>>> print(open('input19.tsv').read())   # TSV, C-alpha atoms
chain	number	residue	atom	x	y	z
A	1	MET	CA	-11.02	33.14	6.95
A	2	THR	CA	-14.80	33.09	6.62
A	3	GLY	CA	-17.07	31.15	8.97
A	4	PRO	CA	-17.98	28.36	6.46
A	5	ARG	CA	-14.33	27.90	5.52
A	6	ILE	CA	-13.32	27.67	9.19
A	7	ARG	CA	-15.97	25.01	9.72
A	8	ARG	CA	-14.79	23.07	6.63
A	9	ALA	CA	-11.16	23.27	7.75
A	10	ALA	CA	-12.07	22.12	11.24
A	11	ALA	CA	-14.11	19.24	9.87
A	12	SER	CA	-11.27	18.20	7.56
A	13	ALA	CA	-8.75	18.39	10.38
A	14	ALA	CA	-10.99	16.28	12.62
A	15	ALA	CA	-11.48	13.71	9.86
A	16	LEU	CA	-7.75	13.52	9.26
A	17	ALA	CA	-7.02	13.16	12.96
A	18	LEU	CA	-9.38	10.19	13.13
A	19	THR	CA	-8.20	8.75	9.83
A	20	LEU	CA	-4.50	8.97	10.59
A	21	GLY	CA	-4.72	6.83	13.70
A	22	PRO	CA	-1.88	4.81	15.18
A	23	ALA	CA	-0.15	2.47	12.76
A	24	VAL	CA	-0.50	-0.65	14.83
A	25	PRO	CA	-0.63	-4.20	13.45
A	26	ALA	CA	-4.19	-5.22	12.69
A	27	HIS	CA	-3.87	-8.23	15.00
A	28	ALA	CA	-2.46	-6.32	17.98
A	29	ASP	CA	-5.61	-6.71	20.09
A	30	GLY	CA	-5.33	-10.50	20.06
A	31	THR	CA	-8.40	-11.04	17.86
A	32	PRO	CA	-8.11	-13.08	14.65
A	33	ALA	CA	-6.57	-10.78	12.10
A	34	PRO	CA	-7.89	-10.33	8.60
A	35	GLY	CA	-5.07	-11.40	6.35
A	36	ALA	CA	-3.93	-14.17	8.68
A	37	GLY	CA	-3.88	-16.53	5.72
A	38	SER	CA	-4.83	-19.85	7.28
A	39	ASP	CA	-8.55	-19.43	6.54
A	40	ALA	CA	-8.12	-18.41	2.91
A	41	ALA	CA	-9.22	-20.72	0.13
A	42	PRO	CA	-6.15	-22.61	-1.16
A	43	ALA	CA	-6.93	-22.09	-4.85
A	44	THR	CA	-6.37	-18.75	-6.57
A	45	GLY	CA	-9.62	-17.02	-7.48
A	46	THR	CA	-10.45	-16.40	-11.12
A	47	GLY	CA	-12.22	-13.61	-12.97
A	48	ARG	CA	-11.78	-9.86	-12.91
A	49	THR	CA	-12.89	-8.16	-9.70
A	50	VAL	CA	-13.26	-4.56	-8.54
A	51	ILE	CA	-12.88	-4.12	-4.78
A	52	GLY	CA	-13.90	-0.76	-3.37
A	53	ASP	CA	-14.80	-1.46	0.25
A	54	GLY	CA	-13.71	-3.75	3.06
A	55	HIS	CA	-10.38	-5.33	3.87
A	56	ILE	CA	-7.70	-6.60	1.49
A	57	ASP	CA	-4.01	-7.37	1.88
A	58	MET	CA	-1.21	-7.56	-0.63
A	59	GLY	CA	1.59	-10.02	0.03
A	60	PRO	CA	3.58	-13.06	-1.07
A	61	ARG	CA	2.38	-16.65	-1.03
A	62	PHE	CA	3.47	-20.00	-2.38
A	63	ASP	CA	0.86	-20.80	-5.03
A	64	HIS	CA	1.32	-24.50	-5.85
A	65	GLY	CA	4.91	-24.12	-4.71
A	66	THR	CA	5.62	-20.96	-6.72
A	67	TRP	CA	6.45	-17.71	-4.91
A	68	THR	CA	4.12	-15.00	-6.13
A	69	VAL	CA	2.69	-11.67	-4.99
A	70	GLN	CA	-1.10	-11.78	-4.79
A	71	ILE	CA	-4.02	-9.92	-3.24
A	72	ARG	CA	-5.89	-11.57	-0.39
A	73	ASP	CA	-9.54	-10.56	-0.70
A	74	ASP	CA	-11.23	-10.63	2.70
A	75	THR	CA	-14.54	-9.40	1.30
A	76	THR	CA	-15.40	-13.03	0.43
A	77	ARG	CA	-16.04	-15.98	2.73
A	78	PRO	CA	-13.77	-17.80	2.80
A	79	ALA	CA	-11.13	-15.25	1.90
A	80	THR	CA	-9.77	-15.51	-1.65
A	81	TRP	CA	-6.26	-15.04	-2.98
A	82	ARG	CA	-6.34	-13.30	-6.38
A	83	ASP	CA	-3.79	-12.46	-9.08
A	84	THR	CA	-3.03	-8.74	-9.10
A	85	SER	CA	-3.87	-8.56	-12.81
A	86	ASP	CA	-7.44	-9.67	-11.98
A	87	VAL	CA	-8.06	-6.95	-9.37
A	88	VAL	CA	-8.73	-3.22	-9.52
A	89	LEU	CA	-8.59	-1.53	-6.14
A	90	GLN	CA	-11.16	1.26	-6.24
A	91	VAL	CA	-10.54	4.46	-4.31
A	92	LYS	CA	-14.03	5.94	-4.21
A	93	ASP	CA	-14.93	9.55	-3.67
A	94	THR	CA	-15.83	8.55	-0.10
A	95	ALA	CA	-12.03	8.60	0.41
A	96	ARG	CA	-11.79	12.18	-0.83
A	97	ILE	CA	-10.74	14.78	1.74
A	98	GLU	CA	-9.71	18.42	1.64
A	99	VAL	CA	-6.37	19.41	3.05
A	100	PRO	CA	-7.28	21.65	6.00
A	101	ASP	CA	-5.85	25.09	6.62
A	102	SER	CA	-3.67	23.65	9.35
A	103	GLU	CA	0.12	23.67	9.39
A	104	GLU	CA	0.38	20.17	10.82
A	105	PHE	CA	-1.27	18.73	7.71
A	106	GLY	CA	0.72	20.81	5.25
A	107	PHE	CA	2.56	17.73	3.95
A	108	LEU	CA	-0.62	16.71	2.08
A	109	GLY	CA	-0.62	19.85	-0.04
A	110	ASP	CA	-1.99	23.36	0.08
A	111	PRO	CA	-5.12	24.19	2.10
A	112	GLY	CA	-8.21	23.17	0.16
A	113	ASP	CA	-6.36	20.71	-2.09
A	114	VAL	CA	-8.16	17.42	-2.63
A	115	VAL	CA	-6.49	14.14	-1.71
A	116	TRP	CA	-7.88	10.61	-1.96
A	117	LEU	CA	-6.73	8.78	1.16
A	118	LEU	CA	-7.09	5.09	2.01
A	119	PRO	CA	-6.39	5.21	5.75
A	120	GLN	CA	-4.61	2.84	8.07
A	121	VAL	CA	-7.71	2.87	10.30
A	122	GLN	CA	-10.76	1.20	8.78
A	123	ARG	CA	-13.61	3.46	7.66
A	124	ASP	CA	-17.04	2.46	6.36
A	125	GLY	CA	-17.36	2.82	2.62
A	126	VAL	CA	-13.61	3.08	2.04
A	127	LEU	CA	-11.23	0.34	0.94
A	128	TRP	CA	-8.87	-0.77	3.72
A	129	PRO	CA	-5.70	-2.14	2.10
A	130	GLY	CA	-2.81	-3.56	4.08
A	131	TRP	CA	0.07	-5.94	3.50
A	132	ASN	CA	1.05	-9.16	5.20
A	133	SER	CA	3.59	-11.96	5.25
A	134	GLN	CA	1.31	-14.42	7.05
A	135	GLU	CA	0.45	-16.95	4.36
A	136	PRO	CA	1.22	-20.21	6.21
A	137	GLN	CA	4.03	-21.43	3.93
A	138	VAL	CA	5.59	-17.96	3.87
A	139	ALA	CA	5.40	-17.61	7.65
A	140	ALA	CA	6.89	-21.08	8.17
A	141	ASN	CA	9.69	-20.95	5.61
A	142	VAL	CA	10.91	-17.39	5.07
A	143	GLU	CA	14.11	-16.41	6.84
A	144	ARG	CA	13.61	-13.21	8.84
A	145	GLU	CA	11.74	-10.89	6.43
A	146	VAL	CA	10.36	-10.10	2.99
A	147	THR	CA	11.88	-7.30	0.94
A	148	TRP	CA	9.26	-5.10	-0.71
A	149	ARG	CA	10.33	-2.77	-3.52
A	150	LEU	CA	8.37	-0.14	-5.41
A	151	THR	CA	9.94	-0.06	-8.86
A	152	GLY	CA	7.68	2.39	-10.66
A	153	VAL	CA	4.41	4.33	-10.59
A	154	GLU	CA	2.24	5.51	-13.46
A	155	GLY	CA	-0.65	7.87	-12.78
A	156	PRO	CA	-2.04	11.38	-13.15
A	157	GLY	CA	-0.75	12.55	-9.76
A	158	ASP	CA	1.52	11.60	-6.89
A	159	PHE	CA	1.31	8.48	-4.72
A	160	VAL	CA	2.66	8.17	-1.18
A	161	LEU	CA	2.42	5.33	1.32
A	162	PHE	CA	3.22	6.33	4.89
A	163	LEU	CA	2.87	5.20	8.49
A	164	ASN	CA	2.17	7.37	11.51
A	165	GLY	CA	5.27	7.14	13.63
A	166	SER	CA	6.25	8.12	17.12
A	167	PHE	CA	5.26	11.59	18.35
A	168	GLY	CA	3.03	12.11	15.31
A	169	THR	CA	5.90	12.12	12.80
A	170	PRO	CA	5.01	10.24	9.60
A	171	LYS	CA	7.33	7.56	8.28
A	172	VAL	CA	7.22	7.56	4.48
A	173	LEU	CA	7.69	4.12	2.94
A	174	PHE	CA	7.14	5.00	-0.72
A	175	ASP	CA	6.91	8.35	-2.54
A	176	SER	CA	6.40	8.50	-6.30
A	177	THR	CA	8.15	11.89	-6.51
A	178	LYS	CA	11.42	10.19	-5.52
A	179	GLU	CA	13.84	8.04	-7.49
A	180	PHE	CA	13.07	4.34	-8.07
A	181	PRO	CA	13.50	1.66	-6.89
A	182	GLN	CA	12.46	2.26	-3.28
A	183	GLU	CA	12.58	-0.45	-0.65
A	184	THR	CA	11.31	-1.49	2.75
A	185	GLY	CA	11.36	-4.69	4.79
A	186	ILE	CA	8.38	-6.65	6.12
A	187	GLU	CA	8.94	-8.86	9.15
A	188	VAL	CA	7.89	-12.45	8.54
A	189	ASN	CA	4.43	-13.33	9.91
A	190	SER	CA	3.35	-9.69	10.22
A	191	HIS	CA	0.28	-7.75	9.09
A	192	VAL	CA	0.35	-3.96	8.81
A	193	HIS	CA	-1.80	-1.09	7.55
A	194	GLY	CA	-0.71	2.34	6.39
A	195	ASN	CA	-2.02	5.44	4.64
A	196	TRP	CA	-2.25	5.29	0.83
A	197	ALA	CA	-2.54	8.81	-0.61
A	198	PHE	CA	-3.29	9.85	-4.21
A	199	THR	CA	-3.29	13.49	-5.29
A	200	ALA	CA	-5.43	13.29	-8.46
A	201	PRO	CA	-8.23	11.12	-9.85
A	202	GLY	CA	-7.54	8.49	-12.50
A	203	THR	CA	-5.73	5.20	-12.98
A	204	TYR	CA	-2.56	4.42	-11.01
A	205	LEU	CA	-0.30	1.45	-11.70
A	206	LEU	CA	2.12	0.55	-8.92
A	207	ASP	CA	4.88	-1.85	-9.94
A	208	VAL	CA	5.93	-3.87	-6.92
A	209	ARG	CA	8.51	-6.56	-6.31
A	210	MET	CA	8.73	-8.88	-3.30
A	211	SER	CA	11.67	-11.14	-2.60
A	212	ALA	CA	12.88	-13.31	0.26
A	213	THR	CA	15.25	-16.09	1.20
A	214	THR	CA	13.79	-19.25	2.69
A	215	LYS	CA	15.40	-21.26	5.45
A	216	ASP	CA	16.76	-23.75	2.89
A	217	GLY	CA	18.86	-20.95	1.38
A	218	ARG	CA	16.77	-20.53	-1.78
A	219	SER	CA	15.98	-17.04	-3.13
A	220	HIS	CA	12.48	-16.14	-4.29
A	221	ASP	CA	11.36	-13.11	-6.31
A	222	SER	CA	8.06	-11.93	-7.83
A	223	ARG	CA	7.09	-8.77	-9.72
A	224	ARG	CA	3.49	-7.62	-10.07
A	225	THR	CA	1.45	-4.49	-10.79
A	226	LEU	CA	-1.21	-3.14	-8.43
A	227	GLN	CA	-4.07	-1.44	-10.28
A	228	PHE	CA	-5.89	1.45	-8.58
A	229	SER	CA	-8.86	3.42	-9.87
A	230	VAL	CA	-9.10	6.75	-8.05
A	231	GLY	CA	-12.14	9.01	-8.09
A	232	PRO	CA	-15.29	8.96	-10.22
A	233	GLN	CA	-14.05	7.17	-13.35
A	234	PRO	CA	-15.45	3.71	-14.22
A	235	PRO	CA	-13.11	1.48	-12.18
A	236	ARG	CA	-12.80	-1.24	-14.83
A	237	LYS	CA	-10.97	1.27	-16.97
A	238	ALA	CA	-7.88	0.46	-14.91
A	239	PHE	CA	-7.84	-3.11	-16.25
A	240	VAL	CA	-6.84	-2.01	-19.73
A	241	ALA	CA	-4.20	0.53	-18.77
A	242	ARG	CA	-1.29	-1.77	-19.64
A	243	PRO	CA	-0.14	-5.35	-19.04
A	244	PRO	CA	1.16	-6.19	-15.56
A	245	GLU	CA	4.89	-5.73	-15.08
A	246	ASP	CA	5.51	-9.41	-14.36
A	247	ARG	CA	4.56	-10.22	-17.98
A	248	LYS	CA	7.00	-7.69	-19.40
A	249	THR	CA	10.74	-7.74	-19.92
A	250	GLY	CA	13.29	-5.00	-20.11
A	251	ALA	CA	14.05	-2.00	-17.97
A	252	GLU	CA	12.21	-1.06	-14.83
A	253	PRO	CA	9.30	1.34	-15.49
A	254	LYS	CA	9.75	5.03	-14.92
A	255	ALA	CA	7.37	7.29	-13.06
A	256	ALA	CA	4.86	9.31	-15.02
A	257	GLY	CA	4.88	13.07	-14.74
A	258	SER	CA	3.65	14.25	-11.40
A	259	SER	CA	2.53	17.39	-9.70
A	260	ALA	CA	4.33	19.30	-6.94
A	261	PRO	CA	6.17	17.13	-4.38
A	262	LEU	CA	4.48	16.17	-1.16
A	263	TRP	CA	6.21	17.34	2.02
A	264	TRP	CA	5.92	15.30	5.15
A	265	GLU	CA	6.00	17.44	8.27
A	266	ILE	CA	3.20	16.53	10.66
A	267	GLY	CA	2.59	17.74	14.20
A	268	ALA	CA	1.33	15.79	17.15
A	269	ALA	CA	-1.98	14.76	15.55
A	270	ALA	CA	-1.12	11.05	15.50
A	271	VAL	CA	-0.28	8.99	18.57
A	272	THR	CA	2.85	6.97	19.20
A	273	ALA	CA	2.92	3.80	17.13
A	274	GLY	CA	6.37	2.29	17.55
A	275	LEU	CA	5.18	-1.32	17.24
A	276	ALA	CA	4.26	-1.09	13.57
A	277	ILE	CA	7.41	0.86	12.79
A	278	GLY	CA	9.29	-2.07	14.30
A	279	LEU	CA	7.48	-4.47	12.00
A	280	VAL	CA	8.58	-2.48	8.97
A	281	ARG	CA	12.22	-2.80	9.96
A	282	ARG	CA	13.94	-0.49	7.55
A	283	THR	CA	13.50	1.69	4.51
A	284	ARG	CA	16.60	1.70	2.33
A	285	ARG	CA	17.63	4.70	0.31
A	286	PRO	CA	16.86	4.49	-3.41
A	287	THR	CA	20.61	4.25	-4.05
A	288	ASP	CA	20.68	0.65	-2.76
A	289	GLN	CA	21.68	-1.81	-5.45
A	290	GLU	CA	18.76	-3.72	-7.00
A	291	GLY	CA	20.55	-7.02	-6.79
A	292	GLU	CA	21.29	-6.81	-3.06
A	293	GLN	CA	19.95	-9.64	-0.93
A	294	PRO	CA	17.28	-8.81	1.69
>>> encode(input="input19.tsv", output="structure tokens")
Amino acid sequence: MTGPRIRRAAASAAALALTLGPAVPAHADGTPAPGAGSDAAPATGTGRTVIGDGHIDMGPRFDHGTWTVQIRDDTTRPATWRDTSDVVLQVKDTARIEVPDSEEFGFLGDPGDVVWLLPQVQRDGVLWPGWNSQEPQVAANVEREVTWRLTGVEGPGDFVLFLNGSFGTPKVLFDSTKEFPQETGIEVNSHVHGNWAFTAPGTYLLDVRMSATTKDGRSHDSRRTLQFSVGPQPPRKAFVARPPEDRKTGAEPKAAGSSAPLWWEIGAAAVTAGLAIGLVRRTRRPTDQEGEQP
């Protein structure tokens, strides 16, 4: 390996080591957590918005009594809840990294491959997306946890959401190369960040579904589509990709064609992060029945 390539690989490895920090809840240090919900404006924001920097969360809320998945935009003061169809989440080229020539990062692709990574540790100039179940009515009324399903992905490459687990081993929550639907649980009143990885530039549409049972025994369910614009394209292009899934009927969407699968074997680059893994209580196999209760 030549000197410049060694330096690039070392720089990429160092950046990844910093980026893939411990997957701890964002409120673990006792400071007020972004996404806590109580300081957000009660009304849903209006108008199309591109968010490419700062903190956002995706999660359920009771909007005028109706259970719905929305995006909490913490780039405004006060924070604003927005409909997913009104938001494009921009993954700028500042999130672009090269996979280093290092075996411990081989799960991201071949050495020198480009990946756009929204990390679980906040970085300047890069969007910091998380998820929470802290909206006050959700936190007060949901029994135990929220079930989060990924029901389909459309995009020019692969998408993976993963946490850094104990002993540096990643815990994959969602992987677009696998069969849908995929499922994980979110503890009530929790706020978590992970690593959102995209393997090619372009528009990605993530069809998500969140359901829960409240303490009065009632079941609640909402389907929405998260819109991502990855790389140098005009981000508003993602608005016209297709209507959000919650406005459609019929079968669950299928994944678009994707490139080679991502493999998830990581060494000891990340530190132990058992607390966040506890918050995301389980990831069910895709063979679980869609109608099963959380």
>>> atom_distance(input="input19.tsv", atom1="atom CA of Pro60 of chain A", atom2="atom CA of Arg123 of chain A")
25.4 Å
>>> residues_near_point(input="input19.tsv", point="(0.6, 6.0, -4.9)", cutoff="12 Å", atoms="all atoms listed in the file", output="ChimeraX atom specification")
/A:89,91,115-118,150-162,172-178,194-208,226-230,255-256,258,262
>>> residues_around(input="input19.tsv", residues="segment 139-147 of chain A", least_positions_apart="5", cutoff="9 Å", atoms="only C-alpha atoms", output="JSON, numbers by chain")
{"A": [60, 133, 134, 183, 184, 185, 186, 187, 188, 189, 190, 209, 210, 211, 212, 213, 214, 215, 216, 217, 281, 293, 294]}
>>> write_last_selection(input="input19.tsv", atoms="C-alpha atoms", output="CSV table (one decimal), keeping the file's coordinate frame")
chain,number,residue,atom,x,y,z
A,60,PRO,CA,3.6,-13.1,-1.1
A,133,SER,CA,3.6,-12.0,5.2
A,134,GLN,CA,1.3,-14.4,7.0
A,183,GLU,CA,12.6,-0.4,-0.6
A,184,THR,CA,11.3,-1.5,2.8
A,185,GLY,CA,11.4,-4.7,4.8
A,186,ILE,CA,8.4,-6.6,6.1
A,187,GLU,CA,8.9,-8.9,9.2
A,188,VAL,CA,7.9,-12.4,8.5
A,189,ASN,CA,4.4,-13.3,9.9
A,190,SER,CA,3.4,-9.7,10.2
A,209,ARG,CA,8.5,-6.6,-6.3
A,210,MET,CA,8.7,-8.9,-3.3
A,211,SER,CA,11.7,-11.1,-2.6
A,212,ALA,CA,12.9,-13.3,0.3
A,213,THR,CA,15.2,-16.1,1.2
A,214,THR,CA,13.8,-19.2,2.7
A,215,LYS,CA,15.4,-21.3,5.4
A,216,ASP,CA,16.8,-23.8,2.9
A,217,GLY,CA,18.9,-21.0,1.4
A,281,ARG,CA,12.2,-2.8,10.0
A,293,GLN,CA,20.0,-9.6,-0.9
A,294,PRO,CA,17.3,-8.8,1.7
>>> atom_distance(input="input19.tsv", atom1="atom CA of Asp74 of chain A", atom2="atom CA of Gln120 of chain A")
15.9 Å
>>> closest_residue(input="input19.tsv", among="A:Pro78, A:Gly65, A:Pro111, A:Gly59", to="Gly130 of chain A", atoms="all atoms listed in the file")
A:Gly59
>>> residues_around(input="input19.tsv", residues="Gly54 of chain A", least_positions_apart="2", cutoff="6 Å", atoms="all atoms listed in the file", output="number ranges by chain")
A: 75, 127-128
>>> atom_distance(input="input19.tsv", atom1="atom CA of Pro232 of chain A", atom2="atom CA of Pro129 of chain A")
19.2 Å
>>> closest_residue(input="input19.tsv", among="A:Val114, A:Ala79, A:Ile71, A:Ala40", to="Pro136 of chain A", atoms="all atoms listed in the file")
A:Ala40
>>> closest_residue(input="input19.tsv", among="A:Arg72, A:Arg61, A:His193, A:Arg82", to="Arg48 of chain A", atoms="all atoms listed in the file")
A:Arg82
>>> closest_residue(input="input19.tsv", among="A:His191, A:Lys171, A:Lys92, A:Arg77", to="Gln233 of chain A", atoms="all atoms listed in the file")
A:Lys92
>>> closest_residue(input="input19.tsv", among="A:Leu163, A:Gln70, A:Trp81, A:Ser219", to="Ala43 of chain A", atoms="only C-alpha atoms")
A:Trp81
>>> residues_around(input="input19.tsv", residues="Val50 of chain A", least_positions_apart="5", cutoff="7 Å", atoms="all atoms listed in the file", output="PyMOL selection string")
chain A and resi 87-90
>>> write_last_selection(input="input19.tsv", atoms="C-alpha atoms", output="compact mmCIF listing (two decimals), in the frame of the given file")
# COMPACT_ATOMS: atom_id res chain seq x y z
CA VAL A 87 -8.06 -6.95 -9.37
CA VAL A 88 -8.73 -3.22 -9.52
CA LEU A 89 -8.59 -1.53 -6.14
CA GLN A 90 -11.16 1.26 -6.24
>>> closest_residue(input="input19.tsv", among="A:Val69, A:Val138, A:Ala41, A:Val192", to="Pro119 of chain A", atoms="only C-alpha atoms")
A:Val192
>>> decode(input="input19.tsv", residues="segment 170-253 of chain A", atoms="C-alpha atoms", output="compact mmCIF listing (two decimals), in the first residue's frame")
# COMPACT_ATOMS: atom_id res chain seq x y z
CA PRO A 170 -22.64 -4.16 16.06
CA LYS A 171 -26.30 -4.94 16.62
CA VAL A 172 -28.18 -4.59 13.34
CA LEU A 173 -31.74 -3.36 13.74
CA PHE A 174 -32.71 -3.03 10.07
CA ASP A 175 -31.00 -4.21 6.87
CA SER A 176 -32.57 -3.58 3.47
CA THR A 177 -30.86 -6.65 1.98
CA LYS A 178 -33.00 -8.87 4.23
CA GLU A 179 -36.63 -9.93 3.99
CA PHE A 180 -39.40 -7.54 5.12
CA PRO A 181 -41.00 -6.80 7.50
CA GLN A 182 -38.29 -6.38 10.13
CA GLU A 183 -39.06 -5.44 13.71
CA THR A 184 -37.59 -4.06 16.91
CA GLY A 185 -39.00 -2.80 20.19
CA ILE A 186 -38.56 0.65 21.74
CA GLU A 187 -38.93 0.95 25.51
CA VAL A 188 -41.51 3.54 26.51
CA ASN A 189 -40.03 6.93 27.49
CA SER A 190 -36.68 6.24 25.83
CA HIS A 191 -34.50 8.18 23.38
CA VAL A 192 -31.81 6.42 21.35
CA HIS A 193 -29.38 7.13 18.50
CA GLY A 194 -27.84 4.69 16.06
CA ASN A 195 -25.83 4.58 12.84
CA TRP A 196 -27.78 5.10 9.59
CA ALA A 197 -25.73 3.87 6.62
CA PHE A 198 -26.46 4.31 2.90
CA THR A 199 -24.25 2.74 0.23
CA ALA A 200 -25.10 4.95 -2.78
CA PRO A 201 -26.28 8.51 -3.44
CA GLY A 202 -29.89 9.25 -4.34
CA THR A 203 -33.38 9.14 -2.86
CA TYR A 204 -34.29 6.54 -0.23
CA LEU A 205 -37.83 5.91 1.00
CA LEU A 206 -38.12 3.98 4.25
CA ASP A 207 -41.59 2.66 5.01
CA VAL A 208 -42.03 2.43 8.76
CA ARG A 209 -44.83 1.31 11.03
CA MET A 210 -45.15 1.96 14.77
CA SER A 211 -47.73 0.31 16.98
CA ALA A 212 -48.43 0.02 20.69
CA THR A 213 -51.04 -0.90 23.24
CA THR A 214 -52.06 1.72 25.77
CA LYS A 215 -52.86 1.01 29.40
CA ASP A 216 -56.59 1.09 28.63
CA GLY A 217 -56.12 -1.94 26.36
CA ARG A 218 -56.54 -0.07 23.08
CA SER A 219 -54.25 -0.84 20.11
CA HIS A 220 -52.70 1.95 18.05
CA ASP A 221 -50.97 1.72 14.67
CA SER A 222 -49.46 4.22 12.20
CA ARG A 223 -47.62 3.79 8.90
CA ARG A 224 -45.43 6.50 7.40
CA THR A 225 -42.58 6.96 4.93
CA LEU A 226 -39.26 8.56 5.84
CA GLN A 227 -37.72 10.48 2.93
CA PHE A 228 -33.91 10.69 2.68
CA SER A 229 -31.84 12.53 0.11
CA VAL A 230 -28.30 11.13 0.04
CA GLY A 231 -25.35 12.82 -1.62
CA PRO A 232 -25.15 15.79 -3.99
CA GLN A 233 -28.60 15.69 -5.61
CA PRO A 234 -31.07 18.56 -4.95
CA PRO A 235 -32.70 17.33 -1.71
CA ARG A 236 -36.22 18.46 -2.64
CA LYS A 237 -36.17 15.84 -5.35
CA ALA A 238 -37.03 13.32 -2.64
CA PHE A 239 -40.42 14.97 -2.08
CA VAL A 240 -41.77 13.81 -5.43
CA ALA A 241 -40.47 10.26 -5.35
CA ARG A 242 -43.86 8.75 -4.47
CA PRO A 243 -46.74 9.30 -2.04
CA PRO A 244 -46.16 8.30 1.59
CA GLU A 245 -47.13 4.73 2.45
CA ASP A 246 -49.80 5.79 4.93
CA ARG A 247 -51.85 7.23 2.03
CA LYS A 248 -51.67 4.01 0.04
CA THR A 249 -53.53 0.74 0.28
CA GLY A 250 -52.63 -2.76 -0.73
CA ALA A 251 -49.60 -4.93 -0.19
CA GLU A 252 -46.53 -3.91 1.73
CA PRO A 253 -43.83 -2.35 -0.49
